[in-house]
Every structure is written in structure tokens, then in C-alpha cells.
>>> print(open('final-v1.csv').read())   # CSV, C-alpha atoms and all ligand atoms
chain,number,residue,atom,x,y,z
A,1,MET,CA,99.7,88.5,66.0
A,2,LEU,CA,97.4,85.5,65.5
A,3,PHE,CA,100.1,83.3,66.9
A,4,VAL,CA,100.6,85.4,70.0
A,5,TYR,CA,96.8,85.5,70.5
A,6,ASP,CA,96.6,81.7,70.2
A,7,GLU,CA,99.4,81.2,72.6
A,8,LEU,CA,97.8,83.5,75.2
A,9,ALA,CA,94.5,81.7,74.8
A,10,GLU,CA,96.2,78.4,75.4
A,11,ARG,CA,98.1,79.5,78.5
A,12,ASP,CA,95.6,81.4,80.5
A,13,THR,CA,97.3,81.0,83.9
A,14,VAL,CA,100.8,80.9,85.0
A,15,ASN,CA,101.5,80.1,88.7
A,16,ASP,CA,104.2,78.9,91.0
A,17,ALA,CA,103.3,75.2,91.0
A,18,ALA,CA,106.2,74.5,88.7
A,19,THR,CA,107.4,71.4,90.5
A,20,CYS,CA,104.1,69.7,89.8
A,21,ARG,CA,104.1,68.1,86.3
A,22,VAL,CA,100.3,67.7,86.3
A,23,GLU,CA,97.8,69.5,88.4
A,24,ILE,CA,94.0,69.1,88.0
A,25,ARG,CA,92.1,72.0,89.7
A,26,ASN,CA,88.5,71.8,90.7
A,27,ILE,CA,87.2,70.0,87.7
A,28,HIS,CA,83.4,69.9,87.2
A,29,LYS,CA,81.7,68.0,84.4
A,30,ALA,CA,78.1,67.1,83.7
A,31,TYR,CA,76.7,65.0,80.8
A,32,ARG,CA,73.1,65.0,79.7
A,33,LEU,CA,70.9,62.0,80.3
A,34,ASN,CA,67.2,62.0,79.2
A,35,GLU,CA,67.3,65.8,78.9
A,36,GLN,CA,68.5,66.1,82.5
A,37,PRO,CA,72.1,67.0,83.6
A,38,LEU,CA,74.1,64.0,84.8
A,39,GLU,CA,76.7,65.4,87.2
A,40,VAL,CA,79.8,63.3,86.9
A,41,LEU,CA,82.7,65.3,88.4
A,42,ALA,CA,82.0,67.6,91.3
A,43,GLY,CA,85.2,69.6,91.9
A,44,VAL,CA,88.0,67.0,91.5
A,45,SER,CA,91.6,68.2,92.2
A,46,LEU,CA,94.8,66.2,92.1
A,47,ARG,CA,98.5,66.7,91.7
A,48,ALA,CA,101.3,64.5,90.2
A,49,ALA,CA,104.9,65.6,90.7
A,50,GLU,CA,107.3,64.9,87.9
A,51,GLY,CA,108.3,61.2,87.6
A,52,THR,CA,105.8,59.9,90.1
A,53,PHE,CA,103.2,57.2,89.8
A,54,VAL,CA,99.7,58.5,90.9
A,55,THR,CA,96.7,56.3,90.9
A,56,VAL,CA,93.0,57.1,91.0
A,57,ILE,CA,90.5,54.5,92.4
A,58,GLY,CA,86.8,54.8,92.9
A,59,PRO,CA,83.5,53.0,92.4
A,60,SER,CA,82.5,51.9,88.9
A,61,GLY,CA,80.8,54.7,87.1
A,62,CYS,CA,82.0,57.5,89.3
A,63,GLY,CA,83.8,59.4,86.5
A,64,LYS,CA,87.4,58.1,86.4
A,65,SER,CA,87.5,57.6,82.7
A,66,THR,CA,85.7,60.9,82.1
A,67,LEU,CA,88.4,62.6,84.2
A,68,PHE,CA,91.2,61.1,82.1
A,69,SER,CA,89.5,61.9,78.8
A,70,ILE,CA,89.3,65.5,80.1
A,71,ILE,CA,93.0,65.6,81.0
A,72,THR,CA,93.9,64.4,77.5
A,73,GLY,CA,91.9,67.2,76.0
A,74,LEU,CA,89.4,64.9,74.3
A,75,GLN,CA,86.7,66.7,76.3
A,76,GLN,CA,86.6,70.0,78.1
A,77,PRO,CA,85.5,70.4,81.7
A,78,ASP,CA,82.5,72.6,82.5
A,79,ARG,CA,84.7,74.3,85.2
A,80,GLY,CA,88.2,74.0,86.5
A,81,GLU,CA,91.6,73.8,84.8
A,82,ILE,CA,94.3,71.3,83.9
A,83,CYS,CA,97.9,72.5,84.4
A,84,PHE,CA,101.2,71.1,83.2
A,85,ASP,CA,104.2,72.5,85.0
A,86,GLY,CA,101.9,75.1,86.5
A,87,VAL,CA,100.5,76.3,83.2
A,88,ALA,CA,96.8,75.9,82.5
A,89,LEU,CA,96.3,74.4,79.0
A,90,ARG,CA,93.0,74.6,77.2
A,91,GLN,CA,94.2,72.8,74.1
A,92,ARG,CA,95.7,69.7,75.4
A,93,LEU,CA,95.4,67.1,72.6
A,94,GLY,CA,98.8,65.5,72.0
A,95,THR,CA,100.2,66.6,75.4
A,96,VAL,CA,100.0,63.3,77.1
A,97,GLY,CA,100.2,59.6,76.1
A,98,TYR,CA,96.8,58.0,76.8
A,99,MET,CA,95.8,54.3,76.9
A,100,PRO,CA,92.0,54.3,77.1
A,101,GLN,CA,90.0,51.7,79.1
A,102,ARG,CA,89.2,49.8,75.9
A,103,ALA,CA,92.5,50.1,74.2
A,104,LEU,CA,91.6,48.2,71.0
A,105,LEU,CA,94.3,47.2,68.6
A,106,LEU,CA,93.4,47.4,65.0
A,107,PRO,CA,92.6,43.8,64.1
A,108,TRP,CA,93.7,44.2,60.4
A,109,ARG,CA,97.2,45.5,61.4
A,110,ARG,CA,100.2,43.5,62.5
A,111,VAL,CA,101.7,44.3,65.9
A,112,LEU,CA,104.5,46.6,64.5
A,113,ASP,CA,102.0,48.6,62.5
A,114,ASN,CA,99.6,48.8,65.5
A,115,VAL,CA,102.2,50.2,67.9
A,116,ILE,CA,103.5,53.0,65.6
A,117,LEU,CA,100.0,54.5,65.3
A,118,GLY,CA,101.1,57.6,67.3
A,119,PRO,CA,104.1,58.5,65.1
A,120,GLU,CA,102.0,57.8,62.0
A,121,VAL,CA,99.2,60.1,63.0
A,122,HIS,CA,101.8,62.8,63.7
A,123,GLY,CA,103.3,62.3,60.2
A,124,GLU,CA,106.7,61.2,61.5
A,125,ASP,CA,109.2,59.1,59.6
A,126,LEU,CA,107.7,55.6,59.7
A,127,THR,CA,110.9,53.8,59.0
A,128,ALA,CA,112.5,55.3,62.1
A,129,ALA,CA,109.3,54.6,64.1
A,130,ARG,CA,109.3,51.0,63.0
A,131,ARG,CA,113.0,50.6,63.9
A,132,GLU,CA,112.4,52.1,67.3
A,133,ALA,CA,109.3,49.9,67.9
A,134,GLN,CA,111.2,46.8,66.8
A,135,SER,CA,114.0,47.6,69.3
A,136,LEU,CA,111.5,47.9,72.1
A,137,LEU,CA,109.6,44.7,71.4
A,138,PRO,CA,111.8,42.6,73.7
A,139,LEU,CA,111.3,45.0,76.6
A,140,PHE,CA,107.5,44.8,76.1
A,141,GLY,CA,107.7,41.0,75.9
A,142,LEU,CA,106.7,40.9,72.2
A,143,GLU,CA,110.0,39.8,70.6
A,144,GLY,CA,109.3,37.7,67.5
A,145,PHE,CA,105.7,38.9,67.3
A,146,ALA,CA,106.2,42.0,65.1
A,147,ASP,CA,104.3,40.4,62.2
A,148,SER,CA,101.5,38.8,64.3
A,149,TYR,CA,98.0,40.0,64.2
A,150,PRO,CA,96.2,40.9,67.5
A,151,ARG,CA,94.1,37.8,67.3
A,152,GLU,CA,97.3,35.7,67.4
A,153,LEU,CA,98.3,37.3,70.8
A,154,SER,CA,97.4,36.4,74.3
A,155,GLY,CA,95.4,38.9,76.4
A,156,GLY,CA,98.5,40.0,78.3
A,157,MET,CA,100.4,40.5,75.0
A,158,ARG,CA,97.6,42.6,73.6
A,159,GLN,CA,97.8,44.8,76.7
A,160,ARG,CA,101.5,45.1,76.4
A,161,ALA,CA,101.2,46.0,72.7
A,162,ALA,CA,98.6,48.7,73.6
A,163,LEU,CA,101.1,50.0,76.2
A,164,LEU,CA,103.9,50.0,73.7
A,165,ARG,CA,101.6,52.0,71.4
A,166,THR,CA,101.0,54.5,74.2
A,167,PHE,CA,104.7,54.6,75.0
A,168,LEU,CA,105.7,55.3,71.4
A,169,CYS,CA,103.6,58.5,71.5
A,170,ARG,CA,106.8,59.6,73.4
A,171,LYS,CA,105.1,61.8,76.0
A,172,ASP,CA,106.6,62.0,79.4
A,173,VAL,CA,103.1,62.0,81.0
A,174,MET,CA,101.1,58.8,80.5
A,175,LEU,CA,97.5,58.2,81.4
A,176,LEU,CA,96.7,54.5,81.8
A,177,ASP,CA,93.0,53.7,82.3
A,178,GLU,CA,92.7,50.2,83.9
A,179,PRO,CA,95.3,48.7,81.6
A,180,PHE,CA,95.2,45.3,83.4
A,181,GLY,CA,91.5,45.3,84.2
A,182,ALA,CA,90.5,42.3,82.1
A,183,LEU,CA,93.4,40.0,83.0
A,184,ASP,CA,93.7,37.0,85.3
A,185,ALA,CA,95.5,37.5,88.6
A,186,ILE,CA,98.8,35.9,87.6
A,187,THR,CA,99.2,37.8,84.3
A,188,ARG,CA,98.1,40.9,86.1
A,189,SER,CA,100.8,40.7,88.8
A,190,THR,CA,103.5,39.8,86.2
A,191,LEU,CA,102.5,42.9,84.2
A,192,GLN,CA,102.5,45.1,87.3
A,193,GLU,CA,106.1,44.1,88.0
A,194,TRP,CA,107.0,44.6,84.4
A,195,LEU,CA,105.3,48.0,84.2
A,196,LEU,CA,107.3,49.1,87.3
A,197,GLU,CA,110.6,48.0,85.6
A,198,VAL,CA,109.8,49.9,82.4
A,199,TRP,CA,108.8,53.0,84.5
A,200,GLN,CA,111.9,52.7,86.6
A,201,GLN,CA,113.9,52.9,83.4
A,202,PHE,CA,112.1,55.8,81.7
A,203,ARG,CA,110.6,57.7,84.7
A,204,HIS,CA,107.4,58.9,83.1
A,205,THR,CA,104.9,60.7,85.2
A,206,ILE,CA,102.1,58.1,85.3
A,207,LEU,CA,98.4,58.6,86.1
A,208,PHE,CA,96.8,55.3,86.5
A,209,ILE,CA,93.2,54.0,87.1
A,210,THR,CA,92.4,50.8,88.8
A,211,HIS,CA,89.6,49.1,90.9
A,212,ASP,CA,92.1,47.0,92.7
A,213,VAL,CA,93.5,48.4,96.0
A,214,GLU,CA,96.4,46.0,96.0
A,215,GLU,CA,97.4,47.1,92.6
A,216,ALA,CA,97.1,50.7,93.6
A,217,ALA,CA,99.2,50.3,96.7
A,218,PHE,CA,101.8,48.1,95.0
A,219,LEU,CA,102.4,50.5,92.1
A,220,SER,CA,101.9,54.0,93.3
A,221,ASP,CA,103.6,56.9,95.1
A,222,LYS,CA,100.2,58.3,95.8
A,223,VAL,CA,96.6,57.2,95.6
A,224,TYR,CA,93.5,59.3,95.2
A,225,VAL,CA,90.2,57.7,96.3
A,226,LEU,CA,87.1,59.1,94.6
A,227,SER,CA,83.6,59.1,95.9
A,228,ALA,CA,80.7,57.6,93.9
A,229,ARG,CA,79.3,59.9,91.1
A,230,PRO,CA,79.4,62.8,91.2
A,231,ALA,CA,83.1,62.2,92.0
A,232,GLN,CA,84.9,64.1,94.6
A,233,VAL,CA,88.3,63.3,96.2
A,234,ARG,CA,87.5,61.4,99.4
A,235,ALA,CA,91.2,60.7,100.3
A,236,GLU,CA,94.7,61.3,99.2
A,237,LEU,CA,97.0,58.6,100.5
A,238,ALA,CA,100.8,58.6,100.1
A,239,ILE,CA,102.4,55.2,99.6
A,240,PRO,CA,105.8,55.5,101.3
A,241,LEU,CA,107.1,52.0,100.4
A,242,PRO,CA,110.7,51.9,99.1
A,243,ARG,CA,111.5,51.3,95.5
A,244,PRO,CA,112.2,49.2,93.6
A,245,ARG,CA,109.1,47.4,94.8
A,246,GLN,CA,109.1,43.7,95.2
A,247,ARG,CA,106.2,41.4,95.4
A,248,GLU,CA,107.2,40.2,98.9
A,249,MET,CA,106.5,43.8,100.1
A,250,THR,CA,102.8,43.0,99.7
A,251,LEU,CA,103.1,40.5,102.6
A,252,THR,CA,104.4,43.1,105.1
A,253,PRO,CA,102.2,44.6,107.9
A,254,GLU,CA,103.0,48.0,106.4
A,255,PHE,CA,101.5,47.1,103.1
A,256,ALA,CA,98.5,45.4,104.8
A,257,ALA,CA,97.9,48.7,106.7
A,258,LEU,CA,98.0,50.8,103.5
A,259,LYS,CA,95.6,48.4,101.8
A,260,GLN,CA,93.3,48.5,104.8
A,261,GLN,CA,93.2,52.3,104.7
A,262,LEU,CA,92.3,52.3,101.1
A,263,LEU,CA,89.6,49.6,101.6
A,264,GLN,CA,88.2,51.5,104.5
A,265,THR,CA,88.0,54.8,102.6
A,266,LEU,CA,86.2,53.0,99.7
A,267,ALA,CA,83.8,51.3,102.2
A,268,GLU,CA,83.1,54.7,103.9
A,269,ASN,CA,82.4,55.9,100.4
A,270,GLU,CA,79.8,53.2,99.8
A,271,SER,CA,78.1,53.7,103.2
A,272,ALA,CA,77.9,57.4,102.6
A,273,GLN,CA,76.3,56.7,99.3
A,274,VAL,CA,73.7,54.4,100.9
A,275,ARG,CA,73.0,57.2,103.5
A,276,GLY,CA,72.6,59.6,100.5
A,277,THR,CA,75.4,61.9,101.7
B,301,LIG,N1,80.2,60.4,76.6
B,301,LIG,C1,79.3,60.3,77.6
B,301,LIG,N2,78.0,60.8,77.4
B,301,LIG,C2,77.1,60.7,78.4
B,301,LIG,N3,77.4,60.1,79.6
B,301,LIG,C3,78.6,59.5,79.8
B,301,LIG,C4,79.6,59.6,78.8
B,301,LIG,N4,80.7,59.0,79.3
B,301,LIG,C5,80.4,58.6,80.5
B,301,LIG,N5,79.1,58.9,80.8
B,301,LIG,C6,78.5,58.6,82.1
B,301,LIG,O1,79.3,59.2,83.1
B,301,LIG,C7,79.4,58.4,84.2
B,301,LIG,C8,80.9,58.1,84.5
B,301,LIG,O2,81.4,57.3,83.5
B,301,LIG,P1,82.9,56.9,83.5
B,301,LIG,O3,83.2,56.1,82.3
B,301,LIG,O4,83.7,58.2,83.6
B,301,LIG,O5,83.1,56.1,84.9
B,301,LIG,P2,84.3,55.2,85.4
B,301,LIG,O6,84.5,55.7,86.8
B,301,LIG,O7,85.4,55.2,84.5
B,301,LIG,O8,83.6,53.8,85.5
B,301,LIG,P3,84.3,52.3,85.4
B,301,LIG,O9,85.0,52.1,86.6
B,301,LIG,O10,83.1,51.4,85.3
B,301,LIG,O11,85.1,52.3,84.2
B,301,LIG,C9,78.6,57.2,83.9
B,301,LIG,O12,77.3,57.3,84.6
B,301,LIG,C10,78.4,57.2,82.4
B,301,LIG,O13,77.2,56.6,82.0
B,302,MG,MG,86.3,53.8,83.4
>>> encode(input="final-v1.csv", output="C-alpha cells", more="lines below")
Ligand SMILES: Nc1ncnc2c1ncn2[C@@H]1O[C@H](COP(=O)(O)OP(=O)(O)OP(=O)(O)O)[C@@H](O)[C@H]1O
Ligand SMILES: [Mg+2]
Amino acid sequence: MLFVYDELAERDTVNDAATCRVEIRNIHKAYRLNEQPLEVLAGVSLRAAEGTFVTVIGPSGCGKSTLFSIITGLQQPDRGEICFDGVALRQRLGTVGYMPQRALLLPWRRVLDNVILGPEVHGEDLTAARREAQSLLPLFGLEGFADSYPRELSGGMRQRAALLRTFLCRKDVMLLDEPFGALDAITRSTLQEWLLEVWQQFRHTILFITHDVEEAAFLSDKVYVLSARPAQVRAELAIPLPRPRQREMTLTPEFAALKQQLLQTLAENESAQVRGT
């Protein structure tokens, strides 16, 4: 009986949005700051169909990371629901793979032992996990570095190791919070192309956060632009560029127009903020 009750509690709503792998409905969230409520998310809704790449952009501090930490189940919203395949889940921990904004590798662990953290936490067979991780090192550009410590890696390699760690959680939905934020432009563009190749191969549903409109347009099928805090969705823009994407596409008028649209929405955002609307 208890099992049935728990399952019912977890799956409070079933609806017909079965084609949508992830659907966020009307999420509200406030923190407390100096005894006052700090409203962060004011009714955010978004949808990601299975196997698509969906990006969220918005001004710093608007609530993007908060939204992702709610989707993972690390926090609960004050209102709204998070659905997977049309089913609202209250207990979501372990449902998605999550690379937080500051995805720190454990400095005392070698690369291989860092990346198998997910299987280790879930009590899986570590020999098998190490074998799988080892076989994926070349794809993640880390061949030969299994026994290195994080301090012995470049910034780009550390990000790839953190991505491999997220990847090895073996979830078909992955949330990546500014994975390339701290990298130089060349490393960043190399990693974008590399991420698309990996994604092309495994077809996860990816939710991605960035500040960079070019990165958003280059990677995504769809981009949501959030307003300043408290965040609301200002625009939802489809990116109808063909795949596989090549860097040269960023030089086309079509790409420039998409980028312009995103920049304009962000700018409207800012002027609305200045006007206090
Ligand atoms: N755990 C928390 N407790 C209290 N306030 C928080 C907490 N986490 C975030 N905040 C506040 O919520 C707001 C949104 O933070 P969040 O990290 O979600 O923004 P963000 O859009 O990811 O910003 P950035 O682009 O700079 O990463 C900020 O004002 C922040 O101070
Ligand atoms: Mg953030």
C-alpha cells in the first residue's frame, strides 16, 4: 500500500503532452533576503521535445541556475510543476544528468575517479564504470589523462571531464549550466562543435544555459529568452538551421538575423528593466 501511495504522490498529474520529454509549467520561486521575499522566478514555462537542444539565456542573476536546480529536484518550486513525458514529478532527484555552473572536479581524485562519481554514488559496479569511462576518454578528448589530477588539466579539459562525469550519470536528459562560460573564445568554439558531435551521436535531450547569443543560436533547436529577475519568458525562438551545424553557418545572413533577434529581445529586456516594467 505504501508503495502505491508513494507512486501516486510522485505522479500527481498525467496529461497528453507525451511527446514532450521535459515540460516546465508556470514555475514560481522566491528566496528570502534580509527577511524579505526575493522573487526569482515569476511563472516560467518551457518545453523540450525528446532529443532536442534547448537553451535558456537571460541577464545575470535572473534565475537561470535556480530554474535548473529546481528541474533537477535539488529545490522545489513554490508553485508550478515539472513534467517528464507529460507526468509531473515531485521527487526528481536522479531523473536528469546535471552539470552545475561551478562543476568542480574533486582535486584529490584522478580524472577516471572523478568522472565515475555518478555510478559510485548509485552503488554501481565500479570496475564496469571505470571500463566504460576509460572507453569514452578519447571521445571526450582526455585519452592518456585517466590518471591525471584536475590541476594537471587545461581549463577546456576540466570542462570536458565535468561533462563526461555528467554523461556517465547515464540520463537521457542533461542540464548543462554555462559549461563553457569561463573559457577563451577559441577553446569555447572548439568545445561547442565537439558537444554537437557527441550529442549527434547519443541524442540526449539537452537543456543548456549560456549568456552568449552566438553560442545559443549555433547549438540550439530552440532558445528561451528570460527577463531580468523575477524571470519570465520574454521570447521563444526556434532555430531552424540544418544539422549537422558547421561553423561557417555562423557567417550566413540567416544566422546573423537569428542572432540579431536574440540580441534585440535581450536589449528590450534591459530597457524594460530600466523603465521598471
Ligand atoms: N540559495 C539561494 N538562496 C538565496 N538566494 C539565492 C540562492 N540562489 C540564488 N539566489 C538569488 O537568486 C537570484 C538568481 O540567482 P541565479 O543563480 O539563479 O541566477 P542566474 O540567472 O543563474 O545568474 P548568472 O547568470 O549570474 O549565473 C540572485 O539574486 C541570487 O542572489
Ligand atoms: Mg547561473
>>> closest_atom_pairs(input="final-v1.csv", of="chain A", to="ligand LIG 301 (chain B)", cutoff="7 Å", atoms="all atoms listed in the file", output="tab-separated table")
residue	atom	partner	partner_atom	distance
A:Tyr31	CA	B:LIG301	C2	4.9
A:Arg32	CA	B:LIG301	C2	6.0
A:Leu33	CA	B:LIG301	C2	6.6
A:Val40	CA	B:LIG301	C7	5.6
A:Gly58	CA	B:LIG301	O6	6.6
A:Pro59	CA	B:LIG301	O9	6.1
A:Ser60	CA	B:LIG301	O9	3.4
A:Gly61	CA	B:LIG301	O8	3.3
A:Cys62	CA	B:LIG301	O6	4.0
A:Gly63	CA	B:LIG301	O4	3.1
A:Lys64	CA	B:LIG301	O6	3.8
A:Ser65	CA	B:LIG301	O7	3.7
A:Thr66	CA	B:LIG301	O4	3.7
A:Leu67	CA	B:LIG301	O4	6.5
A:His211	CA	B:LIG301	O9	7.0
>>> residues_around(input="final-v1.csv", residues="segment 173-176 of chain A", least_positions_apart="4", cutoff="8 Å", atoms="only C-alpha atoms", output="mmCIF file with C-alpha atoms, in the coordinates of the input")
data_model
loop_
_atom_site.group_PDB
_atom_site.id
_atom_site.type_symbol
_atom_site.label_atom_id
_atom_site.label_comp_id
_atom_site.auth_asym_id
_atom_site.auth_seq_id
_atom_site.Cartn_x
_atom_site.Cartn_y
_atom_site.Cartn_z
ATOM 1 C CA PHE A 68 91.200 61.100 82.100
ATOM 2 C CA THR A 95 100.200 66.600 75.400
ATOM 3 C CA VAL A 96 100.000 63.300 77.100
ATOM 4 C CA GLY A 97 100.200 59.600 76.100
ATOM 5 C CA TYR A 98 96.800 58.000 76.800
ATOM 6 C CA MET A 99 95.800 54.300 76.900
ATOM 7 C CA PRO A 100 92.000 54.300 77.100
ATOM 8 C CA GLN A 101 90.000 51.700 79.100
ATOM 9 C CA THR A 166 101.000 54.500 74.200
ATOM 10 C CA PHE A 167 104.700 54.600 75.000
ATOM 11 C CA HIS A 204 107.400 58.900 83.100
ATOM 12 C CA THR A 205 104.900 60.700 85.200
ATOM 13 C CA ILE A 206 102.100 58.100 85.300
ATOM 14 C CA LEU A 207 98.400 58.600 86.100
ATOM 15 C CA PHE A 208 96.800 55.300 86.500
ATOM 16 C CA ILE A 209 93.200 54.000 87.100
#
>>> closest_atom_pairs(input="final-v1.csv", of="segment 115-215 of chain A", to="segment 226-249 of chain A", cutoff="10 Å", atoms="all atoms listed in the file", output="tab-separated table")
residue	atom	partner	partner_atom	distance
A:Ser189	CA	A:Arg247	CA	8.6
A:Thr190	CA	A:Arg247	CA	9.7
A:Gln192	CA	A:Arg247	CA	9.6
A:Glu193	CA	A:Gln246	CA	7.8
A:Leu196	CA	A:Arg245	CA	7.9
A:Glu197	CA	A:Pro244	CA	8.2
A:Gln200	CA	A:Pro244	CA	7.8
>>> closest_residue(input="final-v1.csv", among="A:His28, A:Ser220, A:Arg131, A:Arg170", to="Gly118 of chain A", atoms="all atoms listed in the file")
A:Arg170
>>> closest_residue(input="final-v1.csv", among="A:Gln36, A:Ser69, A:Ser45, A:Gln260", to="Ile24 of chain A", atoms="all atoms listed in the file")
A:Ser45
>>> atom_distance(input="final-v1.csv", atom1="atom CA of Lys29 of chain A", atom2="atom CA of Pro77 of chain A")
5.2 Å
>>> closest_atom_pairs(input="final-v1.csv", of="segment 157-219 of chain A", to="segment 105-115 of chain A", cutoff="9 Å", atoms="all atoms listed in the file", output="tab-separated table")
residue	atom	partner	partner_atom	distance
A:Arg158	CA	A:Leu105	CA	7.6
A:Ala161	CA	A:Val115	CA	6.5
A:Ala162	CA	A:Leu105	CA	6.8
A:Leu163	CA	A:Val115	CA	8.4
A:Leu164	CA	A:Val115	CA	6.0
A:Arg165	CA	A:Val115	CA	4.0
A:Thr166	CA	A:Val115	CA	7.7
A:Phe167	CA	A:Val115	CA	8.7
A:Leu168	CA	A:Val115	CA	7.1
>>> residues_near_point(input="final-v1.csv", point="(101.7, 39.3, 82.8)", cutoff="7 Å", atoms="all atoms listed in the file", output="compact mmCIF listing (two decimals) with C-alpha atoms, in the coordinates of the input")
# COMPACT_ATOMS: atom_id res chain seq x y z
CA GLY A 156 98.50 40.00 78.30
CA ILE A 186 98.80 35.90 87.60
CA THR A 187 99.20 37.80 84.30
CA ARG A 188 98.10 40.90 86.10
CA SER A 189 100.80 40.70 88.80
CA THR A 190 103.50 39.80 86.20
CA LEU A 191 102.50 42.90 84.20
>>> atom_distance(input="final-v1.csv", atom1="atom CA of Leu263 of chain A", atom2="atom CA of Ala217 of chain A")
10.8 Å
>>> build_atoms(input="final-v1.csv", residues="segment 25-48 of chain A", atoms="N, CA and C atoms", output="PDB file, in the coordinates of the input")
ATOM      1  N   ARG A  25      92.716  71.061  88.678  1.00  0.00           N
ATOM      2  CA  ARG A  25      92.100  72.000  89.700  1.00  0.00           C
ATOM      3  C   ARG A  25      90.631  72.064  89.535  1.00  0.00           C
ATOM      4  N   ASN A  26      89.963  71.521  90.542  1.00  0.00           N
ATOM      5  CA  ASN A  26      88.500  71.800  90.700  1.00  0.00           C
ATOM      6  C   ASN A  26      87.707  71.520  89.448  1.00  0.00           C
ATOM      7  N   ILE A  27      87.875  70.299  88.921  1.00  0.00           N
ATOM      8  CA  ILE A  27      87.200  70.000  87.700  1.00  0.00           C
ATOM      9  C   ILE A  27      85.730  69.570  87.922  1.00  0.00           C
ATOM     10  N   HIS A  28      84.860  70.216  87.178  1.00  0.00           N
ATOM     11  CA  HIS A  28      83.400  69.900  87.200  1.00  0.00           C
ATOM     12  C   HIS A  28      83.040  69.421  85.779  1.00  0.00           C
ATOM     13  N   LYS A  29      82.183  68.391  85.737  1.00  0.00           N
ATOM     14  CA  LYS A  29      81.700  68.000  84.400  1.00  0.00           C
ATOM     15  C   LYS A  29      80.324  67.309  84.579  1.00  0.00           C
ATOM     16  N   ALA A  30      79.413  67.708  83.720  1.00  0.00           N
ATOM     17  CA  ALA A  30      78.100  67.100  83.700  1.00  0.00           C
ATOM     18  C   ALA A  30      77.810  66.644  82.241  1.00  0.00           C
ATOM     19  N   TYR A  31      77.220  65.452  82.083  1.00  0.00           N
ATOM     20  CA  TYR A  31      76.700  65.000  80.800  1.00  0.00           C
ATOM     21  C   TYR A  31      75.199  65.306  80.797  1.00  0.00           C
ATOM     22  N   ARG A  32      74.545  64.965  79.687  1.00  0.00           N
ATOM     23  CA  ARG A  32      73.100  65.000  79.700  1.00  0.00           C
ATOM     24  C   ARG A  32      72.524  63.639  79.525  1.00  0.00           C
ATOM     25  N   LEU A  33      71.537  63.312  80.353  1.00  0.00           N
ATOM     26  CA  LEU A  33      70.900  62.000  80.300  1.00  0.00           C
ATOM     27  C   LEU A  33      69.394  62.236  80.320  1.00  0.00           C
ATOM     28  N   ASN A  34      68.686  61.799  79.293  1.00  0.00           N
ATOM     29  CA  ASN A  34      67.200  62.000  79.200  1.00  0.00           C
ATOM     30  C   ASN A  34      66.850  63.461  79.501  1.00  0.00           C
ATOM     31  N   GLU A  35      67.537  64.338  78.816  1.00  0.00           N
ATOM     32  CA  GLU A  35      67.300  65.800  78.900  1.00  0.00           C
ATOM     33  C   GLU A  35      67.632  66.374  80.288  1.00  0.00           C
ATOM     34  N   GLN A  36      68.154  65.549  81.184  1.00  0.00           N
ATOM     35  CA  GLN A  36      68.500  66.100  82.500  1.00  0.00           C
ATOM     36  C   GLN A  36      70.074  66.093  82.613  1.00  0.00           C
ATOM     37  N   PRO A  37      70.625  67.033  83.391  1.00  0.00           N
ATOM     38  CA  PRO A  37      72.100  67.000  83.600  1.00  0.00           C
ATOM     39  C   PRO A  37      72.466  65.787  84.443  1.00  0.00           C
ATOM     40  N   LEU A  38      73.537  65.108  84.057  1.00  0.00           N
ATOM     41  CA  LEU A  38      74.100  64.000  84.800  1.00  0.00           C
ATOM     42  C   LEU A  38      75.418  64.478  85.374  1.00  0.00           C
ATOM     43  N   GLU A  39      75.446  64.844  86.641  1.00  0.00           N
ATOM     44  CA  GLU A  39      76.700  65.400  87.200  1.00  0.00           C
ATOM     45  C   GLU A  39      77.662  64.264  87.447  1.00  0.00           C
ATOM     46  N   VAL A  40      78.840  64.371  86.863  1.00  0.00           N
ATOM     47  CA  VAL A  40      79.800  63.300  86.900  1.00  0.00           C
ATOM     48  C   VAL A  40      81.019  63.657  87.812  1.00  0.00           C
ATOM     49  N   LEU A  41      81.565  64.822  87.583  1.00  0.00           N
ATOM     50  CA  LEU A  41      82.700  65.300  88.400  1.00  0.00           C
ATOM     51  C   LEU A  41      82.321  66.537  89.131  1.00  0.00           C
ATOM     52  N   ALA A  42      82.492  66.517  90.462  1.00  0.00           N
ATOM     53  CA  ALA A  42      82.000  67.600  91.300  1.00  0.00           C
ATOM     54  C   ALA A  42      83.172  68.298  92.019  1.00  0.00           C
ATOM     55  N   GLY A  43      84.119  68.829  91.247  1.00  0.00           N
ATOM     56  CA  GLY A  43      85.200  69.600  91.900  1.00  0.00           C
ATOM     57  C   GLY A  43      86.377  68.636  92.240  1.00  0.00           C
ATOM     58  N   VAL A  44      86.913  67.941  91.236  1.00  0.00           N
ATOM     59  CA  VAL A  44      88.000  67.000  91.500  1.00  0.00           C
ATOM     60  C   VAL A  44      89.360  67.758  91.280  1.00  0.00           C
ATOM     61  N   SER A  45      90.244  67.629  92.269  1.00  0.00           N
ATOM     62  CA  SER A  45      91.600  68.200  92.200  1.00  0.00           C
ATOM     63  C   SER A  45      92.601  67.129  92.473  1.00  0.00           C
ATOM     64  N   LEU A  46      93.667  67.081  91.717  1.00  0.00           N
ATOM     65  CA  LEU A  46      94.800  66.200  92.100  1.00  0.00           C
ATOM     66  C   LEU A  46      96.074  66.678  91.478  1.00  0.00           C
ATOM     67  N   ARG A  47      97.166  66.183  92.068  1.00  0.00           N
ATOM     68  CA  ARG A  47      98.500  66.700  91.700  1.00  0.00           C
ATOM     69  C   ARG A  47      99.434  65.473  91.491  1.00  0.00           C
ATOM     70  N   ALA A  48     100.259  65.561  90.446  1.00  0.00           N
ATOM     71  CA  ALA A  48     101.300  64.500  90.200  1.00  0.00           C
ATOM     72  C   ALA A  48     102.613  65.215  89.985  1.00  0.00           C
TER      73      ALA A  48
END
